[in-house]
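Asks: Below is work.cif; it holds mmCIF, C-alpha atoms and all ligand atoms.
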data_run
loop_
_atom_site.label_atom_id
_atom_site.label_comp_id
_atom_site.auth_asym_id
_atom_site.auth_seq_id
_atom_site.Cartn_x
_atom_site.Cartn_y
_atom_site.Cartn_z
CA MET A 27 -6.09 -3.51 -6.76
CA ALA A 28 -5.67 -6.16 -9.39
CA MET A 29 -7.70 -8.95 -7.81
CA LYS A 30 -9.30 -11.09 -10.49
CA ARG A 31 -11.64 -13.95 -11.00
CA ALA A 32 -10.43 -16.30 -13.72
CA ALA A 33 -11.46 -19.57 -15.32
CA THR A 34 -10.40 -22.69 -13.43
CA SER A 35 -8.71 -24.40 -16.33
CA ALA A 36 -6.37 -21.53 -16.94
CA ILE A 37 -5.32 -20.86 -13.38
CA LYS A 38 -1.70 -22.01 -13.75
CA SER A 39 -0.99 -19.64 -16.58
CA PHE A 40 -3.08 -17.03 -14.79
CA ALA A 41 -0.82 -17.18 -11.74
CA SER A 42 2.43 -17.05 -13.65
CA SER A 43 1.52 -14.49 -16.27
CA ARG A 44 -1.27 -12.47 -14.70
CA ASN A 45 0.09 -9.16 -15.80
CA SER A 46 -0.37 -10.06 -19.42
CA LEU A 47 -3.96 -11.27 -19.13
CA SER A 48 -6.47 -9.55 -21.34
CA SER A 49 -9.44 -7.78 -19.79
CA THR A 50 -11.85 -10.15 -21.56
CA PHE A 51 -10.41 -13.05 -19.55
CA THR A 52 -10.72 -11.48 -16.10
CA ARG A 53 -13.03 -9.19 -14.26
CA ASP A 54 -11.82 -6.32 -12.09
CA LEU A 55 -12.81 -6.66 -8.47
CA HIS A 56 -13.30 -2.97 -7.83
CA ALA A 57 -14.37 -1.58 -11.12
CA SER A 58 -18.11 -2.08 -10.85
CA PRO A 59 -19.73 0.76 -8.94
CA GLY A 60 -23.00 0.37 -7.10
CA SER A 61 -24.43 -1.78 -4.39
CA LYS A 62 -22.65 -4.92 -3.22
CA LYS A 63 -24.20 -7.81 -1.40
CA ILE A 64 -22.13 -8.61 1.69
CA VAL A 65 -22.90 -11.62 3.87
CA GLY A 66 -21.45 -12.13 7.34
CA VAL A 67 -21.51 -15.44 9.19
CA PHE A 68 -20.98 -15.11 12.94
CA TYR A 69 -22.01 -16.90 16.13
CA LYS A 70 -25.33 -15.84 17.64
CA ALA A 71 -25.26 -14.17 21.05
CA ASN A 72 -28.98 -14.21 21.95
CA GLU A 73 -29.43 -12.99 25.56
CA TYR A 74 -25.73 -12.04 25.82
CA ALA A 75 -25.81 -9.66 22.87
CA SER A 76 -26.96 -6.60 24.80
CA LEU A 77 -24.67 -7.12 27.80
CA ASN A 78 -21.70 -5.31 26.30
CA PRO A 79 -21.83 -2.52 23.71
CA ASN A 80 -18.46 -3.67 22.37
CA PHE A 81 -19.66 -7.22 21.71
CA VAL A 82 -19.37 -6.79 17.94
CA GLY A 83 -18.23 -10.30 16.93
CA CYS A 84 -21.69 -11.88 17.08
CA VAL A 85 -24.63 -11.90 14.66
CA GLU A 86 -26.33 -9.14 16.62
CA GLY A 87 -23.20 -6.96 16.76
CA ALA A 88 -22.48 -7.64 13.06
CA LEU A 89 -18.94 -6.26 13.48
CA GLY A 90 -20.46 -2.82 14.09
CA ILE A 91 -20.41 -2.03 10.38
CA ARG A 92 -24.09 -2.27 9.41
CA GLU A 93 -24.84 1.45 9.48
CA TRP A 94 -21.66 2.26 7.61
CA LEU A 95 -22.31 -0.31 4.89
CA GLU A 96 -25.99 0.52 4.46
CA SER A 97 -25.32 4.27 4.36
CA GLN A 98 -23.21 3.56 1.28
CA GLY A 99 -26.03 1.65 -0.37
CA HIS A 100 -24.70 -1.87 0.22
CA GLN A 101 -26.82 -4.79 1.31
CA TYR A 102 -25.56 -6.50 4.50
CA ILE A 103 -26.98 -9.84 5.55
CA VAL A 104 -25.80 -11.49 8.75
CA THR A 105 -26.56 -15.02 9.89
CA ASP A 106 -25.30 -17.92 11.98
CA ASP A 107 -27.14 -20.45 9.81
CA LYS A 108 -24.32 -21.97 7.77
CA GLU A 109 -24.82 -25.71 7.35
CA GLY A 110 -26.87 -27.83 4.99
CA PRO A 111 -28.57 -27.19 1.64
CA ASP A 112 -31.44 -25.14 3.13
CA CYS A 113 -29.43 -22.87 5.41
CA GLU A 114 -29.60 -19.08 5.19
CA LEU A 115 -26.03 -18.80 3.88
CA GLU A 116 -26.79 -21.17 1.01
CA LYS A 117 -29.64 -18.89 -0.17
CA HIS A 118 -27.22 -16.00 -0.65
CA ILE A 119 -24.34 -17.92 -2.23
CA PRO A 120 -25.50 -17.39 -5.83
CA ASP A 121 -25.46 -13.57 -5.70
CA LEU A 122 -23.21 -12.41 -2.85
CA HIS A 123 -20.10 -10.34 -3.66
CA VAL A 124 -18.31 -10.57 -0.32
CA LEU A 125 -18.46 -13.25 2.36
CA ILE A 126 -17.17 -12.41 5.84
CA SER A 127 -16.73 -15.40 8.11
CA THR A 128 -14.94 -16.16 11.34
CA PRO A 129 -12.95 -19.15 12.58
CA PHE A 130 -15.08 -19.22 15.75
CA HIS A 131 -18.20 -20.20 13.83
CA PRO A 132 -16.71 -21.12 10.48
CA ALA A 133 -18.71 -20.95 7.29
CA TYR A 134 -17.11 -23.84 5.41
CA VAL A 135 -16.51 -22.44 1.94
CA THR A 136 -16.18 -25.56 -0.18
CA ALA A 137 -15.27 -25.83 -3.86
CA GLU A 138 -18.94 -26.54 -4.52
CA ARG A 139 -20.04 -23.31 -2.82
CA ILE A 140 -17.37 -21.36 -4.69
CA LYS A 141 -18.63 -22.78 -7.98
CA LYS A 142 -22.17 -21.64 -7.19
CA ALA A 143 -21.03 -18.16 -6.10
CA LYS A 144 -20.92 -16.49 -9.49
CA ASN A 145 -20.65 -12.91 -8.13
CA LEU A 146 -18.23 -13.69 -5.31
CA GLN A 147 -15.03 -11.65 -5.34
CA LEU A 148 -13.77 -11.41 -1.80
CA LEU A 149 -13.64 -13.76 1.20
CA LEU A 150 -12.72 -12.00 4.44
CA THR A 151 -11.86 -13.78 7.67
CA ALA A 152 -12.76 -11.80 10.79
CA GLY A 153 -9.84 -13.19 12.79
CA ILE A 154 -6.87 -15.36 11.78
CA GLY A 155 -6.85 -18.73 9.98
CA SER A 156 -8.74 -19.14 6.71
CA ASP A 157 -8.59 -22.93 6.54
CA HIS A 158 -12.41 -23.09 6.58
CA ILE A 159 -12.12 -21.96 2.97
CA ASP A 160 -11.00 -24.32 0.20
CA LEU A 161 -8.06 -22.07 -0.62
CA ASN A 162 -7.04 -23.94 -3.77
CA ALA A 163 -10.57 -23.65 -5.15
CA ALA A 164 -10.63 -19.95 -4.21
CA ALA A 165 -7.29 -19.43 -5.97
CA ALA A 166 -8.46 -21.34 -9.04
CA ALA A 167 -11.56 -19.15 -9.19
CA GLY A 168 -9.44 -15.99 -8.94
CA LEU A 169 -10.97 -14.96 -5.61
CA THR A 170 -9.19 -12.91 -3.00
CA VAL A 171 -8.99 -14.32 0.52
CA ALA A 172 -7.75 -12.07 3.31
CA GLU A 173 -7.71 -12.15 7.09
CA VAL A 174 -6.94 -9.66 9.85
CA THR A 175 -3.39 -10.83 10.52
CA GLY A 176 -2.22 -10.06 14.04
CA SER A 177 -5.67 -9.08 15.29
CA ASN A 178 -5.98 -11.64 18.08
CA VAL A 179 -2.47 -12.98 18.59
CA VAL A 180 -2.08 -11.56 22.11
CA SER A 181 -5.49 -12.97 23.03
CA VAL A 182 -4.42 -16.46 21.92
CA ALA A 183 -0.93 -16.36 23.47
CA GLU A 184 -2.41 -15.33 26.84
CA ASP A 185 -4.93 -18.16 26.63
CA GLU A 186 -2.20 -20.68 25.81
CA LEU A 187 -0.21 -19.61 28.86
CA MET A 188 -3.37 -20.03 30.94
CA ARG A 189 -4.00 -23.53 29.57
CA ILE A 190 -0.38 -24.56 30.19
CA LEU A 191 -0.72 -23.52 33.84
CA ILE A 192 -4.12 -25.17 34.18
CA LEU A 193 -2.66 -28.48 32.96
CA VAL A 194 0.68 -28.31 34.80
CA ARG A 195 -0.98 -27.48 38.13
CA ASN A 196 -3.82 -30.00 37.58
CA PHE A 197 -6.20 -27.13 38.28
CA LEU A 198 -9.49 -28.43 36.89
CA PRO A 199 -10.10 -31.37 39.27
CA GLY A 200 -9.62 -28.93 42.17
CA TYR A 201 -12.11 -26.52 40.66
CA HIS A 202 -14.63 -29.34 40.23
CA GLN A 203 -14.09 -30.41 43.85
CA ALA A 204 -14.68 -26.86 45.03
CA SER A 205 -17.96 -26.59 43.15
CA SER A 206 -19.23 -30.05 44.04
CA GLY A 207 -18.63 -29.91 47.81
CA ASP A 208 -15.58 -32.24 47.80
CA TRP A 209 -12.18 -31.80 49.49
CA ASN A 210 -9.39 -34.15 48.43
CA VAL A 211 -5.94 -32.55 48.23
CA ALA A 212 -4.21 -35.81 47.30
CA ALA A 213 -6.41 -36.36 44.26
CA ILE A 214 -4.97 -33.13 42.83
CA ALA A 215 -1.47 -32.99 44.31
CA HIS A 216 -0.25 -36.37 43.06
CA ARG A 217 0.03 -34.96 39.53
CA ALA A 218 0.51 -31.19 40.05
CA TYR A 219 3.88 -29.63 39.14
CA ASP A 220 5.65 -26.27 38.86
CA LEU A 221 6.14 -24.84 35.40
CA GLU A 222 9.66 -23.69 36.30
CA GLY A 223 12.38 -25.88 34.85
CA LYS A 224 10.09 -27.69 32.38
CA THR A 225 10.88 -27.90 28.68
CA VAL A 226 8.26 -26.23 26.52
CA GLY A 227 8.36 -26.56 22.73
CA THR A 228 6.22 -24.59 20.32
CA VAL A 229 5.47 -26.08 16.92
CA GLY A 230 5.26 -22.86 14.93
CA ALA A 231 6.89 -19.68 16.15
CA GLY A 232 5.11 -17.02 14.16
CA ARG A 233 3.20 -14.17 15.74
CA ILE A 234 1.43 -16.24 18.42
CA GLY A 235 4.32 -18.64 19.05
CA ARG A 236 6.72 -15.76 19.66
CA LEU A 237 4.34 -13.95 22.00
CA LEU A 238 3.98 -17.19 23.95
CA LEU A 239 7.76 -17.64 24.17
CA GLN A 240 8.12 -14.06 25.44
CA ARG A 241 5.44 -14.71 28.07
CA LEU A 242 7.04 -17.99 29.14
CA LYS A 243 10.53 -16.51 29.59
CA PRO A 244 9.95 -15.20 33.16
CA PHE A 245 8.81 -18.69 34.23
CA ASN A 246 12.40 -19.97 33.76
CA CYS A 247 11.52 -22.84 31.44
CA ASN A 248 13.74 -24.40 28.77
CA LEU A 249 12.24 -23.06 25.58
CA LEU A 250 12.42 -24.77 22.17
CA TYR A 251 10.76 -23.99 18.88
CA HIS A 252 10.24 -25.78 15.61
CA ASP A 253 9.26 -23.76 12.55
CA ARG A 254 9.86 -23.90 8.81
CA LEU A 255 11.82 -20.66 9.33
CA LYS A 256 14.47 -19.78 11.91
CA MET A 257 13.74 -16.68 13.98
CA ASP A 258 15.71 -13.50 13.81
CA PRO A 259 18.80 -14.00 16.09
CA GLU A 260 17.86 -10.93 18.14
CA LEU A 261 14.43 -12.41 18.93
CA GLU A 262 15.98 -15.80 19.63
CA LYS A 263 18.29 -14.11 22.13
CA GLN A 264 15.43 -12.14 23.69
CA THR A 265 13.24 -15.22 24.24
CA GLY A 266 16.09 -17.64 24.91
CA ALA A 267 14.33 -20.21 22.70
CA LYS A 268 16.43 -22.75 20.79
CA PHE A 269 15.61 -23.68 17.20
CA GLU A 270 14.82 -27.33 16.46
CA GLU A 271 14.91 -28.00 12.75
CA ASP A 272 13.57 -31.53 13.11
CA LEU A 273 10.16 -31.75 14.78
CA ASP A 274 10.60 -35.42 15.63
CA ALA A 275 13.87 -34.64 17.39
CA MET A 276 12.26 -31.86 19.44
CA LEU A 277 9.19 -33.77 20.64
CA PRO A 278 10.91 -36.31 22.93
CA LYS A 279 12.59 -33.40 24.78
CA CYS A 280 9.38 -31.57 25.63
CA ASP A 281 7.32 -31.77 28.81
CA ILE A 282 4.85 -29.42 27.16
CA VAL A 283 4.11 -29.05 23.43
CA VAL A 284 2.14 -26.09 22.09
CA ILE A 285 0.83 -26.02 18.53
CA ASN A 286 1.04 -22.68 16.76
CA THR A 287 1.04 -23.40 13.01
CA PRO A 288 -1.79 -22.73 10.61
CA LEU A 289 -3.80 -25.67 9.27
CA THR A 290 -2.36 -26.36 5.82
CA ASP A 291 -1.91 -29.40 3.59
CA LYS A 292 1.39 -29.97 5.45
CA THR A 293 0.02 -29.69 8.99
CA ARG A 294 -3.33 -31.46 8.58
CA GLY A 295 -3.12 -34.60 10.74
CA LEU A 296 0.50 -33.78 11.66
CA PHE A 297 -0.06 -35.21 15.14
CA ASP A 298 -1.19 -38.72 14.29
CA LYS A 299 -0.66 -41.86 16.38
CA GLU A 300 2.98 -42.24 15.32
CA ARG A 301 3.95 -38.63 16.01
CA ILE A 302 2.17 -38.59 19.37
CA ALA A 303 4.17 -41.72 20.25
CA LYS A 304 7.36 -39.68 19.70
CA CYS A 305 6.33 -37.29 22.49
CA LYS A 306 7.56 -37.95 26.03
CA LYS A 307 5.25 -40.18 28.07
CA GLY A 308 3.20 -37.80 30.22
CA VAL A 309 3.46 -34.87 27.78
CA LEU A 310 1.02 -31.98 28.08
CA ILE A 311 -0.26 -30.60 24.78
CA VAL A 312 -1.92 -27.24 24.19
CA ASN A 313 -3.48 -26.60 20.80
CA ASN A 314 -5.25 -23.33 20.07
CA ALA A 315 -4.17 -23.48 16.40
CA ARG A 316 -6.61 -25.83 14.65
CA GLY A 317 -8.29 -29.10 15.66
CA ALA A 318 -7.54 -30.86 12.39
CA ILE A 319 -3.78 -30.60 12.98
CA MET A 320 -4.40 -33.51 15.35
CA ASP A 321 -5.80 -36.95 14.64
CA ALA A 322 -8.75 -36.57 17.04
CA GLN A 323 -9.06 -40.25 17.95
CA ALA A 324 -5.29 -40.66 18.39
CA VAL A 325 -5.31 -37.78 20.90
CA ALA A 326 -8.26 -39.26 22.81
CA ASP A 327 -6.59 -42.71 22.88
CA ALA A 328 -3.28 -41.25 24.11
CA CYS A 329 -5.12 -39.32 26.85
CA SER A 330 -6.87 -42.54 27.90
CA SER A 331 -3.60 -44.50 27.98
CA GLY A 332 -1.84 -41.69 29.87
CA HIS A 333 0.78 -41.13 27.15
CA ILE A 334 -0.68 -37.63 26.93
CA ALA A 335 -1.14 -36.49 30.55
CA GLY A 336 -3.25 -33.50 29.59
CA TYR A 337 -4.62 -31.89 26.43
CA GLY A 338 -6.02 -28.38 26.33
CA GLY A 339 -7.23 -26.07 23.63
CA ASP A 340 -10.17 -24.32 22.05
CA VAL A 341 -10.10 -25.63 18.50
CA TRP A 342 -11.97 -28.63 17.14
CA TYR A 343 -13.02 -30.09 13.86
CA PRO A 344 -15.74 -29.54 12.90
CA GLN A 345 -17.08 -26.49 14.71
CA PRO A 346 -19.39 -26.40 16.57
CA ALA A 347 -18.03 -29.71 17.89
CA PRO A 348 -20.58 -32.52 17.77
CA LYS A 349 -21.91 -33.79 21.10
CA ASP A 350 -20.08 -37.12 20.62
CA HIS A 351 -16.66 -35.59 19.81
CA PRO A 352 -14.10 -37.78 21.65
CA TRP A 353 -12.30 -34.78 23.14
CA ARG A 354 -15.37 -33.95 25.22
CA TYR A 355 -15.02 -37.24 27.09
CA MET A 356 -11.30 -37.97 27.28
CA PRO A 357 -9.55 -37.72 30.65
CA ASN A 358 -7.42 -34.73 31.66
CA GLN A 359 -8.70 -32.36 29.03
CA ALA A 360 -8.86 -28.58 29.36
CA MET A 361 -11.03 -27.96 26.33
CA THR A 362 -13.46 -25.10 25.71
CA PRO A 363 -15.40 -23.90 22.68
CA HIS A 364 -13.38 -21.75 20.27
CA ILE A 365 -12.94 -18.64 22.41
CA SER A 366 -9.31 -17.63 22.78
CA GLY A 367 -9.20 -15.24 19.83
CA THR A 368 -12.60 -13.65 20.35
CA THR A 369 -12.11 -11.60 23.49
CA ILE A 370 -13.84 -8.21 23.32
CA ASP A 371 -10.43 -6.59 22.67
CA ALA A 372 -9.81 -8.99 19.79
CA GLN A 373 -13.30 -8.45 18.36
CA LEU A 374 -12.75 -4.69 18.21
CA ARG A 375 -9.44 -5.23 16.42
CA TYR A 376 -10.70 -7.73 13.84
CA ALA A 377 -13.90 -5.72 13.25
CA ALA A 378 -11.77 -2.64 12.53
CA GLY A 379 -9.55 -4.72 10.23
CA VAL A 380 -12.54 -6.02 8.26
CA LYS A 381 -13.97 -2.51 7.94
CA ASP A 382 -10.63 -1.20 6.70
CA MET A 383 -10.39 -3.94 4.05
CA LEU A 384 -13.97 -3.38 2.89
CA ASP A 385 -13.26 0.33 2.62
CA ARG A 386 -10.17 -0.40 0.52
CA TYR A 387 -12.14 -2.88 -1.59
CA PHE A 388 -14.77 -0.24 -2.38
CA LYS A 389 -12.04 2.27 -3.24
CA GLY A 390 -9.96 -0.18 -5.29
CA GLU A 391 -6.96 0.00 -2.96
CA GLU A 392 -4.53 -2.75 -1.91
CA PHE A 393 -4.88 -4.42 1.49
CA PRO A 394 -1.95 -4.52 3.92
CA PRO A 395 0.23 -7.23 2.32
CA GLN A 396 0.33 -9.48 5.40
CA HIS A 397 -3.48 -9.87 5.24
CA TYR A 398 -3.55 -11.75 1.92
CA ILE A 399 -4.04 -15.51 2.05
CA VAL A 400 -5.02 -15.87 -1.61
CA LYS A 401 -4.21 -13.16 -4.09
CA GLU A 402 -4.26 -13.30 -7.87
CA GLY A 403 -4.48 -17.08 -7.97
CA LYS A 404 -1.63 -17.60 -5.50
CA LEU A 405 -1.69 -18.89 -1.94
CA ALA A 406 0.38 -17.20 0.79
CA SER A 407 3.73 -18.97 1.11
CA GLN A 408 3.01 -21.07 4.22
CA TYR A 409 -0.16 -22.45 2.57
CA GLN A 410 1.65 -23.58 -0.59
N1 LIG B 1 -7.89 -20.23 18.65
C1 LIG B 1 -7.96 -19.02 18.13
O1 LIG B 1 -8.84 -18.23 18.49
C2 LIG B 1 -6.96 -18.60 17.09
C3 LIG B 1 -6.79 -17.23 16.84
C4 LIG B 1 -5.80 -16.83 15.93
C5 LIG B 1 -5.06 -17.77 15.27
N2 LIG B 1 -5.26 -19.09 15.49
C6 LIG B 1 -4.49 -20.11 14.76
O2 LIG B 1 -3.12 -19.92 14.99
C7 LIG B 1 -2.41 -20.01 13.76
C8 LIG B 1 -1.11 -19.23 13.86
O3 LIG B 1 -1.37 -17.85 13.97
P1 LIG B 1 -0.19 -16.78 13.87
O4 LIG B 1 -0.83 -15.44 13.90
O5 LIG B 1 0.90 -17.09 14.83
O6 LIG B 1 0.32 -17.09 12.40
P2 LIG B 1 1.74 -16.75 11.77
O7 LIG B 1 1.54 -16.85 10.30
O8 LIG B 1 2.28 -15.48 12.32
O9 LIG B 1 2.68 -17.94 12.27
C9 LIG B 1 2.58 -19.24 11.82
C10 LIG B 1 3.95 -19.88 11.93
O10 LIG B 1 3.83 -21.26 11.57
C11 LIG B 1 4.93 -21.60 10.75
N3 LIG B 1 4.58 -22.75 9.92
C12 LIG B 1 3.65 -22.81 8.94
N4 LIG B 1 3.61 -24.05 8.40
C13 LIG B 1 4.54 -24.78 9.07
C14 LIG B 1 4.97 -26.13 8.96
N5 LIG B 1 4.44 -26.95 8.07
N6 LIG B 1 5.94 -26.55 9.80
C15 LIG B 1 6.51 -25.70 10.71
N7 LIG B 1 6.13 -24.40 10.85
C16 LIG B 1 5.16 -23.96 10.04
C17 LIG B 1 5.20 -20.37 9.94
O11 LIG B 1 6.51 -20.35 9.40
C18 LIG B 1 4.96 -19.26 10.96
O12 LIG B 1 6.13 -18.93 11.66
C19 LIG B 1 -3.41 -19.44 12.74
O13 LIG B 1 -3.13 -19.84 11.43
C20 LIG B 1 -4.72 -20.00 13.24
O14 LIG B 1 -4.94 -21.29 12.71
C21 LIG B 1 -6.20 -19.52 16.40
#
Now that the file is in, can you turn its structure into structure tokens?
Replies:
Amino acid sequence: MAMKRAATSAIKSFASSRNSLSSTFTRDLHASPGSKKIVGVFYKANEYASLNPNFVGCVEGALGIREWLESQGHQYIVTDDKEGPDCELEKHIPDLHVLISTPFHPAYVTAERIKKAKNLQLLLTAGIGSDHIDLNAAAAAGLTVAEVTGSNVVSVAEDELMRILILVRNFLPGYHQASSGDWNVAAIAHRAYDLEGKTVGTVGAGRIGRLLLQRLKPFNCNLLYHDRLKMDPELEKQTGAKFEEDLDAMLPKCDIVVINTPLTDKTRGLFDKERIAKCKKGVLIVNNARGAIMDAQAVADACSSGHIAGYGGDVWYPQPAPKDHPWRYMPNQAMTPHISGTTIDAQLRYAAGVKDMLDRYFKGEEFPPQHYIVKEGKLASQYQ
């Protein structure tokens, strides 16, 4: 595998003419034998850690790869302590070779951290979405960034369908009544609807967006999708979803909008005050993609004014969400911590994917091509 680390100033020529680079200018990722220092940053499970032997996505479970790594002579450090100059992660930045992090408890890999990480070669995301990494800085430093593409897409699509139903049926106030001893049918029924016949638009119809469209089909909705790429006609026919080239033309048609794009320079803040105003009054929005695709205050304001009738999702910025995050307090929200892609099934899949990539890294083999987010100084196409 020809993954390199190169000098920042020369990255442009590095990307365009990498095959002709001399070995004095770059350093082979796999060539050096011997022990590697691998650091994993995961959420801590405390008293929940021992409740399920397959709970591998937490600090205690450590992706289930500790024995395997240590038996090969590698050092494996796992922590949840990721913020601030004195955190555990910071102590290991200067000499780690591989950093594994997850979107659920993201280790923010800034340009400053990358600069300090002189031995770093590989950044692996246990899950999908590597926006917690400064991808341009990683590319400029010649690092490889890879994620376990596809590992939790079913988990997220199922969760989105659940959140759509929770919002459409106005489920949460009823649940709160049930637990608090109340009984007031009218307080729920005056804004509860069927999903059938509603127009649902997904912004982004990649792996998750398509799975959601397939799952929505039996509900007899009108399905729309906006993406930078049109779907294969066969899949379009199968889902019955219509392509909308212009996002701003799709939004006013939708009763429900679901966000399914990655967080990139093009999607950061995509849903600001002006774009939210283009949505139908009373729109429901589900966002399990990334919090920073939305202008957080604009969403909270539109929920308060009633322009957004309900907002649900599991992604925030930053994570963990601060206690005063406006989405915690806005009306008609169906928010949770970042959980949709970390079901036990998903954990087993992304743990296996990380192990496979580490194994390939040790052996000097290529990763499955769809896993690369940054390779040889170049960002994957949707991040460019
Ligand atoms: N909440 C969770 O637990 C969780 C889990 C997995 C993924 N995610 C998020 O969901 C995102 C999507 O995952 P996926 O597996 O479907 O990815 P994917 O790469 O298969 O699909 C992304 C789609 O978005 C489209 N897209 C990208 N930029 C766009 C733009 N500017 N305008 C319009 N369309 C654009 C792409 O063309 C692609 O079809 C991830 O990047 C991640 O941020 C969240």
Asks: Between A:Leu221, A:Val283, A:Met276, A:Leu255, which residue has the minimum interatomic distance to ligand LIG 1 (chain B), considering all atoms listed in the file?
Replies: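 Using all atoms listed in the file, ligand LIG 1 (chain B) sits closest to A:Leu255.
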Asks: So how far away is CA of Ser127 (chain A) from CA of Gly90 (chain A), in Å?
Replies: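 Pair CA of Gly90 (chain A) / CA of Ser127 (chain A) returns 14.4 Å.
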Asks: Can you tell me which residues sit at most 7 Å away from ligand LIG 1 (chain B), counting all atoms listed in the file, written as number ranges by chain?
Replies: A: 130, 153-155, 175-176, 178-179, 182, 229-235, 252-255, 286-290, 292-293, 314-316, 340-341, 364-368, 408
Asks: In file coordinates, which residues lie within 12 Å of (11.4, -30.4, 30.7) using all atoms listed in the file, given as a ChimeraX atom specification?
Replies: /A:194,219-227,246-250,276-283,305-310
Asks: Interatomic distance between CA of Leu149 (chain A) and CA of Thr170 (chain A)?
Replies: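 That distance, rounded to one decimal, is 6.2 Å.
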Asks: Within 12 Å of Pro79 (chain A), counting only C-alpha atoms, which residues show up once you throw out same-chain ones fewer than 5 positions away? Write them as an mmCIF file with C-alpha atoms, in the frame of the given file, please.
Replies:
data_model
loop_
_atom_site.group_PDB
_atom_site.id
_atom_site.type_symbol
_atom_site.label_atom_id
_atom_site.label_comp_id
_atom_site.auth_asym_id
_atom_site.auth_seq_id
_atom_site.Cartn_x
_atom_site.Cartn_y
_atom_site.Cartn_z
ATOM 1 C CA TYR A 74 -25.730 -12.040 25.820
ATOM 2 C CA CYS A 84 -21.690 -11.880 17.080
ATOM 3 C CA GLU A 86 -26.330 -9.140 16.620
ATOM 4 C CA GLY A 87 -23.200 -6.960 16.760
ATOM 5 C CA ALA A 88 -22.480 -7.640 13.060
ATOM 6 C CA LEU A 89 -18.940 -6.260 13.480
ATOM 7 C CA GLY A 90 -20.460 -2.820 14.090
ATOM 8 C CA ILE A 370 -13.840 -8.210 23.320
ATOM 9 C CA GLN A 373 -13.300 -8.450 18.360
ATOM 10 C CA LEU A 374 -12.750 -4.690 18.210
#
Asks: Can you check which parts of region 277-299 of chain A lie within 12 Å of region 325-328 of chain A? Per residue, the shortest pair of atoms and distance in Å to one decimal, counting only C-alpha atoms, sorted by chain and number, as a tab-separated table.
Replies:
residue	atom	partner	partner_atom	distance
A:Gly295	CA	A:Val325	CA	10.9
A:Leu296	CA	A:Val325	CA	11.6
A:Phe297	CA	A:Val325	CA	8.2
A:Asp298	CA	A:Val325	CA	7.8
A:Lys299	CA	A:Val325	CA	7.7
Asks: Of the candidates A:Ala166, A:Ile159, A:Ala172, A:Val67, which shows the shortest atom-to-atom distance to Tyr387 (chain A), using only C-alpha atoms?
Replies: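 For Tyr387 (chain A), the nearest of the given residues is A:Ala172.
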